[in-house]
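Data block for data_10.pdb (PDB, C-alpha atoms):
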ATOM      1  CA  MET A   1      78.831 106.191 107.076
ATOM      2  CA  ASN A   2      82.326 104.864 106.441
ATOM      3  CA  GLY A   3      83.551 102.279 103.985
ATOM      4  CA  LEU A   4      82.963  99.416 106.374
ATOM      5  CA  THR A   5      79.238  99.849 106.553
ATOM      6  CA  ASN A   6      78.545 101.479 103.214
ATOM      7  CA  PRO A   7      76.567  99.150 100.926
ATOM      8  CA  ILE A   8      77.492 101.276  97.901
ATOM      9  CA  VAL A   9      81.089 100.189  98.342
ATOM     10  CA  PHE A  10      80.468  96.651  99.537
ATOM     11  CA  TYR A  11      77.857  95.086  97.277
ATOM     12  CA  PRO A  12      79.190  96.042  93.798
ATOM     13  CA  ALA A  13      82.747  95.076  94.719
ATOM     14  CA  CYS A  14      81.497  91.847  96.279
ATOM     15  CA  VAL A  15      79.472  90.887  93.201
ATOM     16  CA  VAL A  16      82.331  91.691  90.811
ATOM     17  CA  MET A  17      84.786  89.747  92.961
ATOM     18  CA  ILE A  18      82.629  86.614  93.126
ATOM     19  CA  LEU A  19      81.842  86.868  89.415
ATOM     20  CA  PHE A  20      85.501  87.057  88.449
ATOM     21  CA  ALA A  21      86.387  84.248  90.851
ATOM     22  CA  LEU A  22      83.783  82.029  89.192
ATOM     23  CA  MET A  23      85.040  83.020  85.755
ATOM     24  CA  THR A  24      88.585  82.124  86.760
ATOM     25  CA  ILE A  25      87.462  78.565  87.299
ATOM     26  CA  ASN A  26      85.216  78.516  84.263
ATOM     27  CA  PHE A  27      87.535  79.798  81.532
ATOM     28  CA  LYS A  28      89.211  77.187  79.363
ATOM     29  CA  ASN A  29      91.917  79.606  78.324
ATOM     30  CA  ILE A  30      94.382  79.830  81.194
ATOM     31  CA  PHE A  31      95.414  83.411  80.350
ATOM     32  CA  TYR A  32      91.845  84.616  80.742
ATOM     33  CA  SER A  33      91.725  82.806  84.072
ATOM     34  CA  LEU A  34      94.873  84.580  85.155
ATOM     35  CA  ILE A  35      93.495  88.011  84.198
ATOM     36  CA  SER A  36      90.295  87.315  86.139
ATOM     37  CA  ALA A  37      92.350  86.183  89.123
ATOM     38  CA  ILE A  38      94.344  89.429  89.057
ATOM     39  CA  ILE A  39      91.087  91.399  89.297
ATOM     40  CA  VAL A  40      89.982  89.235  92.242
ATOM     41  CA  PHE A  41      93.274  89.834  94.065
ATOM     42  CA  PHE A  42      93.082  93.601  93.478
ATOM     43  CA  LEU A  43      89.532  93.668  94.798
ATOM     44  CA  ALA A  44      90.673  91.730  97.856
ATOM     45  CA  GLY A  45      93.299  94.416  98.393
ATOM     46  CA  MET A  46      90.560  97.034  98.124
ATOM     47  CA  PHE A  47      88.560  95.213 100.787
ATOM     48  CA  PHE A  48      91.606  95.141 103.057
ATOM     49  CA  TYR A  49      91.999  98.880 102.569
ATOM     50  CA  VAL A  50      88.349  99.558 103.266
ATOM     51  CA  LEU A  51      88.608  97.419 106.388
ATOM     52  CA  GLY A  52      91.353  99.700 107.661
ATOM     53  CA  SER A  53      94.409  97.514 107.084
ATOM     54  CA  GLU A  54      96.482  99.539 104.624
ATOM     55  CA  TYR A  55      99.639  97.518 105.177
ATOM     56  CA  ASN A  56      97.910  94.253 104.273
ATOM     57  CA  ALA A  57      96.282  95.926 101.280
ATOM     58  CA  ILE A  58      99.687  97.005  99.951
ATOM     59  CA  ALA A  59     101.132  93.534 100.572
ATOM     60  CA  GLN A  60      98.142  91.917  98.882
ATOM     61  CA  VAL A  61      98.374  94.120  95.795
ATOM     62  CA  LEU A  62     102.156  93.860  95.491
ATOM     63  CA  ILE A  63     102.438  90.113  96.119
ATOM     64  CA  TYR A  64      99.193  88.600  94.869
ATOM     65  CA  GLY A  65      98.195  91.329  92.446
ATOM     66  CA  ILE A  66     101.534  91.806  90.690
ATOM     67  CA  ALA A  67     104.304  89.366  91.673
ATOM     68  CA  VAL A  68     102.362  86.101  91.705
ATOM     69  CA  PRO A  69     100.564  86.754  88.369
ATOM     70  CA  VAL A  70     103.897  87.628  86.753
ATOM     71  CA  ILE A  71     105.372  84.306  87.936
ATOM     72  CA  LEU A  72     102.265  82.404  86.874
ATOM     73  CA  GLY A  73     102.209  84.163  83.496
ATOM     74  CA  LEU A  74     105.857  83.286  82.878
ATOM     75  CA  SER A  75     105.128  79.693  83.875
ATOM     76  CA  ILE A  76     102.263  79.556  81.408
ATOM     77  CA  MET A  77     104.379  81.010  78.618
ATOM     78  CA  PHE A  78     107.353  78.733  79.229
ATOM     79  CA  THR A  79     105.334  75.558  79.602
ATOM     80  CA  GLU A  80     102.892  75.981  76.785
ATOM     81  CA  ASN A  81     102.290  72.525  75.422
ATOM     82  CA  LYS A  82     102.959  72.701  71.722
ATOM     83  CA  ALA A  83     103.075  68.958  71.239
ATOM     84  CA  LYS A  84      99.435  68.375  72.144
ATOM     85  CA  PRO A  85      97.441  71.575  71.582
ATOM     86  CA  GLU A  86      94.176  71.589  73.476
ATOM     87  CA  LYS A  87      91.007  71.934  71.528
ATOM     88  CA  ASN A  88      89.119  75.106  72.313
ATOM     89  CA  THR A  89      85.852  73.814  73.690
ATOM     90  CA  GLU A  90      84.562  77.244  74.682
ATOM     91  CA  LYS A  91      81.219  77.901  73.066
ATOM     92  CA  GLY A  92      78.663  80.621  73.276
ATOM     93  CA  PHE A  93      80.809  83.143  75.110
ATOM     94  CA  ASN A  94      82.829  85.854  73.459
ATOM     95  CA  PHE A  95      85.512  87.274  75.707
ATOM     96  CA  LYS A  96      85.713  90.437  73.628
ATOM     97  CA  TYR A  97      82.270  91.666  74.677
ATOM     98  CA  PHE A  98      83.032  90.924  78.266
ATOM     99  CA  MET A  99      86.173  93.045  78.095
ATOM    100  CA  TYR A 100      84.082  95.861  76.601
ATOM    101  CA  LEU A 101      81.787  95.578  79.614
ATOM    102  CA  VAL A 102      84.701  95.715  82.060
ATOM    103  CA  GLY A 103      86.141  98.712  80.224
ATOM    104  CA  GLY A 104      82.787 100.473  80.426
ATOM    105  CA  VAL A 105      82.588  99.856  84.157
ATOM    106  CA  PHE A 106      86.087 101.280  84.621
ATOM    107  CA  VAL A 107      85.220 104.388  82.581
ATOM    108  CA  LEU A 108      82.074 104.895  84.649
ATOM    109  CA  ALA A 109      84.092 104.484  87.835
ATOM    110  CA  ILE A 110      86.586 107.127  86.692
ATOM    111  CA  ILE A 111      83.755 109.520  85.791
ATOM    112  CA  TYR A 112      82.188 108.893  89.180
ATOM    113  CA  ILE A 113      85.418 109.565  91.050
ATOM    114  CA  VAL A 114      86.029 112.771  89.079
ATOM    115  CA  MET A 115      82.504 113.959  89.771
ATOM    116  CA  THR A 116      82.646 113.185  93.466
ATOM    117  CA  SER A 117      85.992 114.901  93.885
ATOM    118  CA  ASN A 118      84.776 118.253  92.578
ATOM    119  CA  VAL A 119      81.484 119.542  93.816
ATOM    120  CA  VAL A 120      78.436 118.779  95.850
ATOM    121  CA  VAL A 121      77.266 115.184  95.731
ATOM    122  CA  PRO A 122      74.233 113.531  97.301
ATOM    123  CA  ASP A 123      74.706 112.361 100.842
ATOM    124  CA  GLY A 124      76.013 108.816 100.956
ATOM    125  CA  PHE A 125      77.540 108.947  97.478
ATOM    126  CA  ASN A 126      80.760 110.701  98.393
ATOM    127  CA  LEU A 127      83.627 108.242  98.153
ATOM    128  CA  THR A 128      85.990 110.408 100.140
ATOM    129  CA  GLY A 129      84.183 109.554 103.349
ATOM    130  CA  CYS A 130      84.018 105.861 102.550
ATOM    131  CA  ILE A 131      87.500 104.843 103.594
ATOM    132  CA  CYS A 132      87.789 103.648 107.160
ATOM    133  CA  GLN A 133      90.160 106.068 108.835
ATOM    134  CA  ASN A 134      92.338 103.994 111.083
ATOM    135  CA  PRO A 135      92.909 105.890 114.316
ATOM    136  CA  HIS A 136      95.905 103.743 115.254
ATOM    137  CA  SER A 137      99.425 104.176 114.011
ATOM    138  CA  ILE A 138      99.384 101.035 111.951
ATOM    139  CA  LEU A 139     103.077 100.789 111.079
ATOM    140  CA  SER A 140     104.217 101.051 114.694
ATOM    141  CA  ALA A 141     101.528  98.561 115.672
ATOM    142  CA  PHE A 142     102.817  96.152 113.021
ATOM    143  CA  GLY A 143     106.362  96.637 114.239
ATOM    144  CA  GLU A 144     105.329  95.930 117.794
ATOM    145  CA  GLY A 145     103.319  92.888 116.762
ATOM    146  CA  ILE A 146     105.944  91.344 114.502
ATOM    147  CA  PHE A 147     109.088  92.119 116.489
ATOM    148  CA  LEU A 148     107.748  91.756 120.020
ATOM    149  CA  LYS A 149     104.532  89.807 120.281
ATOM    150  CA  TYR A 150     104.963  87.339 117.410
ATOM    151  CA  ILE A 151     108.735  87.234 117.245
ATOM    152  CA  TRP A 152     108.829  83.411 117.191
ATOM    153  CA  ALA A 153     106.307  83.144 114.377
ATOM    154  CA  PHE A 154     108.261  85.784 112.473
ATOM    155  CA  GLU A 155     111.518  83.903 112.932
ATOM    156  CA  ILE A 156     109.955  80.582 111.933
ATOM    157  CA  VAL A 157     108.521  82.098 108.762
ATOM    158  CA  ALA A 158     111.925  83.659 107.996
ATOM    159  CA  ILE A 159     113.652  80.284 108.498
ATOM    160  CA  ILE A 160     111.084  78.555 106.276
ATOM    161  CA  LEU A 161     111.650  81.125 103.547
ATOM    162  CA  THR A 162     115.426  80.692 103.795
ATOM    163  CA  ILE A 163     115.140  76.896 103.668
ATOM    164  CA  ILE A 164     112.869  77.108 100.646
ATOM    165  CA  VAL A 165     115.201  79.410  98.727
ATOM    166  CA  ALA A 166     118.263  77.318  99.585
ATOM    167  CA  GLY A 167     116.411  74.086  98.811
ATOM    168  CA  LEU A 168     115.212  75.282  95.430
ATOM    169  CA  THR A 169     118.726  76.419  94.532
ATOM    170  CA  LEU A 170     120.201  73.079  95.549
ATOM    171  CA  PHE A 171     117.511  71.187  93.629
ATOM    172  CA  LYS A 172     118.290  73.218  90.561
ATOM    173  CA  LYS A 173     122.008  72.503  90.856
ATOM    174  CA  GLY A 174     121.333  68.812  91.453
ATOM    175  CA  GLY A 175     119.094  68.661  88.400
ATOM    176  CA  LYS A 176     121.833  70.138  86.214
ATOM    177  CA  SER A 177     124.517  67.730  87.363
TER
ATOM    178  CA  MET B   1      73.925  98.258 106.871
ATOM    179  CA  ILE B   2      76.978  96.074 106.339
ATOM    180  CA  THR B   3      78.077  94.049 109.345
ATOM    181  CA  MET B   4      80.959  91.764 110.147
ATOM    182  CA  TYR B   5      78.999  88.767 108.921
ATOM    183  CA  HIS B   6      78.800  90.175 105.397
ATOM    184  CA  TYR B   7      82.593  90.220 105.186
ATOM    185  CA  LEU B   8      82.837  86.779 106.744
ATOM    186  CA  PHE B   9      80.332  85.481 104.204
ATOM    187  CA  LEU B  10      82.380  87.007 101.382
ATOM    188  CA  GLY B  11      85.461  85.211 102.696
ATOM    189  CA  LEU B  12      83.491  81.987 102.934
ATOM    190  CA  VAL B  13      82.232  82.312  99.357
ATOM    191  CA  LEU B  14      85.757  82.933  98.070
ATOM    192  CA  PHE B  15      87.013  79.973 100.092
ATOM    193  CA  VAL B  16      84.346  77.673  98.645
ATOM    194  CA  ILE B  17      84.956  78.901  95.080
ATOM    195  CA  GLY B  18      88.674  78.255  95.534
ATOM    196  CA  MET B  19      88.036  74.808  96.940
ATOM    197  CA  ILE B  20      85.721  73.872  94.076
ATOM    198  CA  GLY B  21      88.265  75.214  91.590
ATOM    199  CA  ALA B  22      91.095  73.247  93.191
ATOM    200  CA  VAL B  23      89.063  70.025  93.000
ATOM    201  CA  VAL B  24      87.492  70.499  89.571
ATOM    202  CA  SER B  25      90.376  72.049  87.589
ATOM    203  CA  ARG B  26      92.699  69.847  85.591
ATOM    204  CA  HIS B  27      95.235  72.523  84.706
ATOM    205  CA  VAL B  28      97.974  72.865  87.307
ATOM    206  CA  ILE B  29      98.175  76.673  87.100
ATOM    207  CA  LYS B  30      94.428  76.962  87.521
ATOM    208  CA  MET B  31      94.626  74.721  90.571
ATOM    209  CA  LEU B  32      97.297  76.982  92.048
ATOM    210  CA  ILE B  33      95.178  80.087  91.391
ATOM    211  CA  SER B  34      92.246  78.363  93.121
ATOM    212  CA  ILE B  35      94.434  77.596  96.125
ATOM    213  CA  GLU B  36      95.392  81.279  96.232
ATOM    214  CA  PHE B  37      91.665  82.079  96.288
ATOM    215  CA  ILE B  38      91.349  79.872  99.361
ATOM    216  CA  LEU B  39      94.162  81.802 101.035
ATOM    217  CA  THR B  40      92.591  85.120 100.066
ATOM    218  CA  GLY B  41      89.256  84.068 101.563
ATOM    219  CA  VAL B  42      90.963  83.156 104.808
ATOM    220  CA  ASN B  43      92.853  86.462 104.741
ATOM    221  CA  ILE B  44      89.593  88.388 104.408
ATOM    222  CA  ASN B  45      88.288  86.572 107.480
ATOM    223  CA  PHE B  46      91.466  87.345 109.447
ATOM    224  CA  ILE B  47      91.306  91.044 108.636
ATOM    225  CA  THR B  48      87.575  91.192 109.297
ATOM    226  CA  PHE B  49      88.102  89.763 112.767
ATOM    227  CA  GLY B  50      91.013  92.131 113.300
ATOM    228  CA  THR B  51      88.865  95.110 112.365
ATOM    229  CA  PHE B  52      85.610  94.290 114.085
ATOM    230  CA  CYS B  53      86.781  92.531 117.245
ATOM    231  CA  ASP B  54      88.368  94.936 119.693
ATOM    232  CA  GLY B  55      90.114  92.275 121.759
ATOM    233  CA  ILE B  56      92.324  91.086 118.890
ATOM    234  CA  LYS B  57      92.923  94.414 117.211
ATOM    235  CA  PHE B  58      96.111  93.812 115.249
ATOM    236  CA  ASP B  59      96.489  90.060 115.659
ATOM    237  CA  GLY B  60      94.327  89.355 112.631
ATOM    238  CA  TYR B  61      96.354  91.756 110.497
ATOM    239  CA  ILE B  62      99.659  90.205 111.502
ATOM    240  CA  MET B  63      98.375  86.653 111.001
ATOM    241  CA  SER B  64      97.220  87.705 107.563
ATOM    242  CA  LEU B  65     100.698  89.012 106.792
ATOM    243  CA  PHE B  66     102.271  85.700 107.802
ATOM    244  CA  TYR B  67      99.700  83.903 105.713
ATOM    245  CA  VAL B  68     100.642  85.970 102.652
ATOM    246  CA  ALA B  69     104.316  85.048 103.146
ATOM    247  CA  VAL B  70     103.573  81.347 103.590
ATOM    248  CA  GLY B  71     101.235  81.455 100.587
ATOM    249  CA  ALA B  72     103.963  82.902  98.389
ATOM    250  CA  VAL B  73     106.364  80.181  99.548
ATOM    251  CA  GLU B  74     103.768  77.513  98.866
ATOM    252  CA  LEU B  75     103.302  78.876  95.369
ATOM    253  CA  ALA B  76     107.057  78.841  94.711
ATOM    254  CA  VAL B  77     107.376  75.219  95.825
ATOM    255  CA  ALA B  78     104.304  74.157  93.874
ATOM    256  CA  LEU B  79     105.604  75.861  90.735
ATOM    257  CA  TYR B  80     108.949  74.100  91.093
ATOM    258  CA  ILE B  81     107.230  70.732  91.445
ATOM    259  CA  PHE B  82     105.135  71.629  88.407
ATOM    260  CA  TYR B  83     108.317  72.514  86.516
ATOM    261  CA  LEU B  84     109.841  69.125  87.323
ATOM    262  CA  MET B  85     106.663  67.248  86.433
ATOM    263  CA  TYR B  86     106.291  69.168  83.206
ATOM    264  CA  HIS B  87     109.810  68.277  82.149
ATOM    265  CA  LYS B  88     109.025  64.666  82.844
ATOM    266  CA  ASN B  89     105.559  64.388  81.302
ATOM    267  CA  LYS B  90     105.321  67.373  78.910
ATOM    268  CA  SER B  91     101.798  68.140  80.029
ATOM    269  CA  GLU B  92      99.994  70.634  82.252
ATOM    270  CA  ASN B  93      97.134  68.258  82.924
ATOM    271  CA  VAL B  94      97.178  66.811  86.414
ATOM    272  CA  GLU B  95      95.669  63.586  85.143
ATOM    273  CA  ASP B  96      98.944  62.882  83.347
ATOM    274  CA  TYR B  97     100.875  63.144  86.600
ATOM    275  CA  GLY B  98     100.643  59.648  87.988
ATOM    276  CA  ASP B  99     103.702  59.748  90.202
ATOM    277  CA  LEU B 100     105.634  62.442  91.984
TER
END

Spit out the file's structure as structure tokens when you get a sec.
Amino acid sequence: MNGLTNPIVFYPACVVMILFALMTINFKNIFYSLISAIIVFFLAGMFFYVLGSEYNAIAQVLIYGIAVPVILGLSIMFTENKAKPEKNTEKGFNFKYFMYLVGGVFVLAIIYIVMTSNVVVPDGFNLTGCICQNPHSILSAFGEGIFLKYIWAFEIVAIILTIIVAGLTLFKKGGKS
Amino acid sequence: MITMYHYLFLGLVLFVIGMIGAVVSRHVIKMLISIEFILTGVNINFITFGTFCDGIKFDGYIMSLFYVAVGAVELAVALYIFYLMYHKNKSENVEDYGDL
């Protein structure tokens, strides 16, 4: 049983992902929303990895798990509205206890990984066999796909990125003058 | 036994949560995070199809990669518009943004 079809991998991660996605919308404090969103993006990267797409998993974790939250966090810090502070309307939910729960889950996960890496474990509970081993050479396949099969899409995306960077720079200069 | 439809359903749920968040939220940053959820849900579907369907083995992966790039660009543009609107209105609430 590999990671694709293993319910021990799928269901807990799925439940945690949906829960954190709902909490992202529900939190009044935008920083808590951002932290929940980071967990959702990391779990999405884990799903990509389990599905056998390591390259996409790395891109997901690096871009959505790290780079985008850093930009969003800086935006939140630099645009905090001090003139009209929002009233905290959150009631009946203490974030502290929730963080204790998340910490407990992480500690249990670490204990589980340590236990499964050492000795005999029950059949179906060994995480080492859960990752989908991709039989293809994924980097060469990506190279072939991007530079041969989808060369036009690749070039269009590159041109869009260049236009965006140049446009933002010009907007910034225009705003200053 | 987990099948392809489980992963597709997960992508659908994430897509719907993102859509609800984008409609309901009033904070601009939260709206952007919800839009990223929509993109992530679509990405999960792309990679699921790429993994389970033999005929399109790596096409789903590559489309997902393009989608990540376009999503990052979209976020950069949206944040710049937010920056301009914030300097004009001094508020993160989208209800205060009457004009572009």

Write out as a tab-separated table a residue-level contact list of chain B versus chain A with cut-off 8 Å: for each qualifying residue the closest pair of atoms and the distance in Å to one decimal, counting only C-alpha atoms, rows sorted by chain and residue number upward.
residue	atom	partner	partner_atom	distance
B:Met1	CA	A:Thr5	CA	5.6
B:Ile2	CA	A:Thr5	CA	4.4
B:Thr3	CA	A:Thr5	CA	6.5
B:Leu10	CA	A:Cys14	CA	7.1
B:Val13	CA	A:Ile18	CA	7.6
B:Leu14	CA	A:Ile18	CA	6.9
B:Ile17	CA	A:Leu22	CA	6.8
B:Gly18	CA	A:Ala21	CA	7.9
B:Gly21	CA	A:Ile25	CA	5.5
B:Ser25	CA	A:Ile25	CA	7.1
B:Ile29	CA	A:Leu72	CA	7.0
B:Lys30	CA	A:Ile30	CA	6.9
B:Ile33	CA	A:Ala37	CA	7.1
B:Ser34	CA	A:Ile25	CA	7.5
B:Phe37	CA	A:Ala21	CA	7.9
B:Thr40	CA	A:Ala44	CA	7.2
B:Ile44	CA	A:Phe48	CA	7.2
B:Ile47	CA	A:Phe48	CA	6.9
B:Thr48	CA	A:Leu51	CA	7.0
B:Thr51	CA	A:Leu51	CA	6.4
B:Phe58	CA	A:Ala141	CA	7.2
B:Asp59	CA	A:Gly145	CA	7.5
B:Tyr61	CA	A:Asn56	CA	6.9
B:Ile62	CA	A:Phe142	CA	6.9
B:Ser64	CA	A:Asn56	CA	7.4
B:Leu65	CA	A:Asn56	CA	6.4
B:Phe66	CA	A:Val157	CA	7.3
B:Val68	CA	A:Gln60	CA	7.5
B:Ala69	CA	A:Val157	CA	7.6
B:Val70	CA	A:Val157	CA	7.2
B:Ala72	CA	A:Val68	CA	7.6
B:Val73	CA	A:Leu161	CA	6.7
B:Val77	CA	A:Ile164	CA	7.5
B:Leu79	CA	A:Ser75	CA	7.9
B:Tyr80	CA	A:Leu168	CA	7.7
B:Tyr86	CA	A:Thr79	CA	7.4
B:Lys90	CA	A:Asn81	CA	6.9
B:Ser91	CA	A:Asn81	CA	6.4
B:Glu92	CA	A:Asn81	CA	7.4

*In Å, how far is it from CA of Tyr5 in chain B to CA of Cys53 in chain B?*
12.0 Å

*Could you please determine the separation between CA of Leu8 in chain B and CA of Asn43 in chain B in Å, to one decimal place?*
10.2 Å

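The two atoms in question, CA of Phe106 in chain A and CA of Gly65 in chain A, are spaced 17.5 Å apart.
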
_Protein and nucleic acid residues near (102.7, 65.3, 84.4) (cut-off 12 Å, all atoms listed in the file) as a list in words_ =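 Neighbouring residues, ordered by chain and number, come to Thr79 and Asn81 of chain A; Arg26, His27, Val28, Ile81, Phe82, Tyr83, Leu84, Met85, Tyr86, His87, Lys88, Asn89, Lys90, Ser91, Glu92, Asn93, Val94, Glu95, Asp96, Tyr97, Gly98, Asp99 and Leu100 of chain B.
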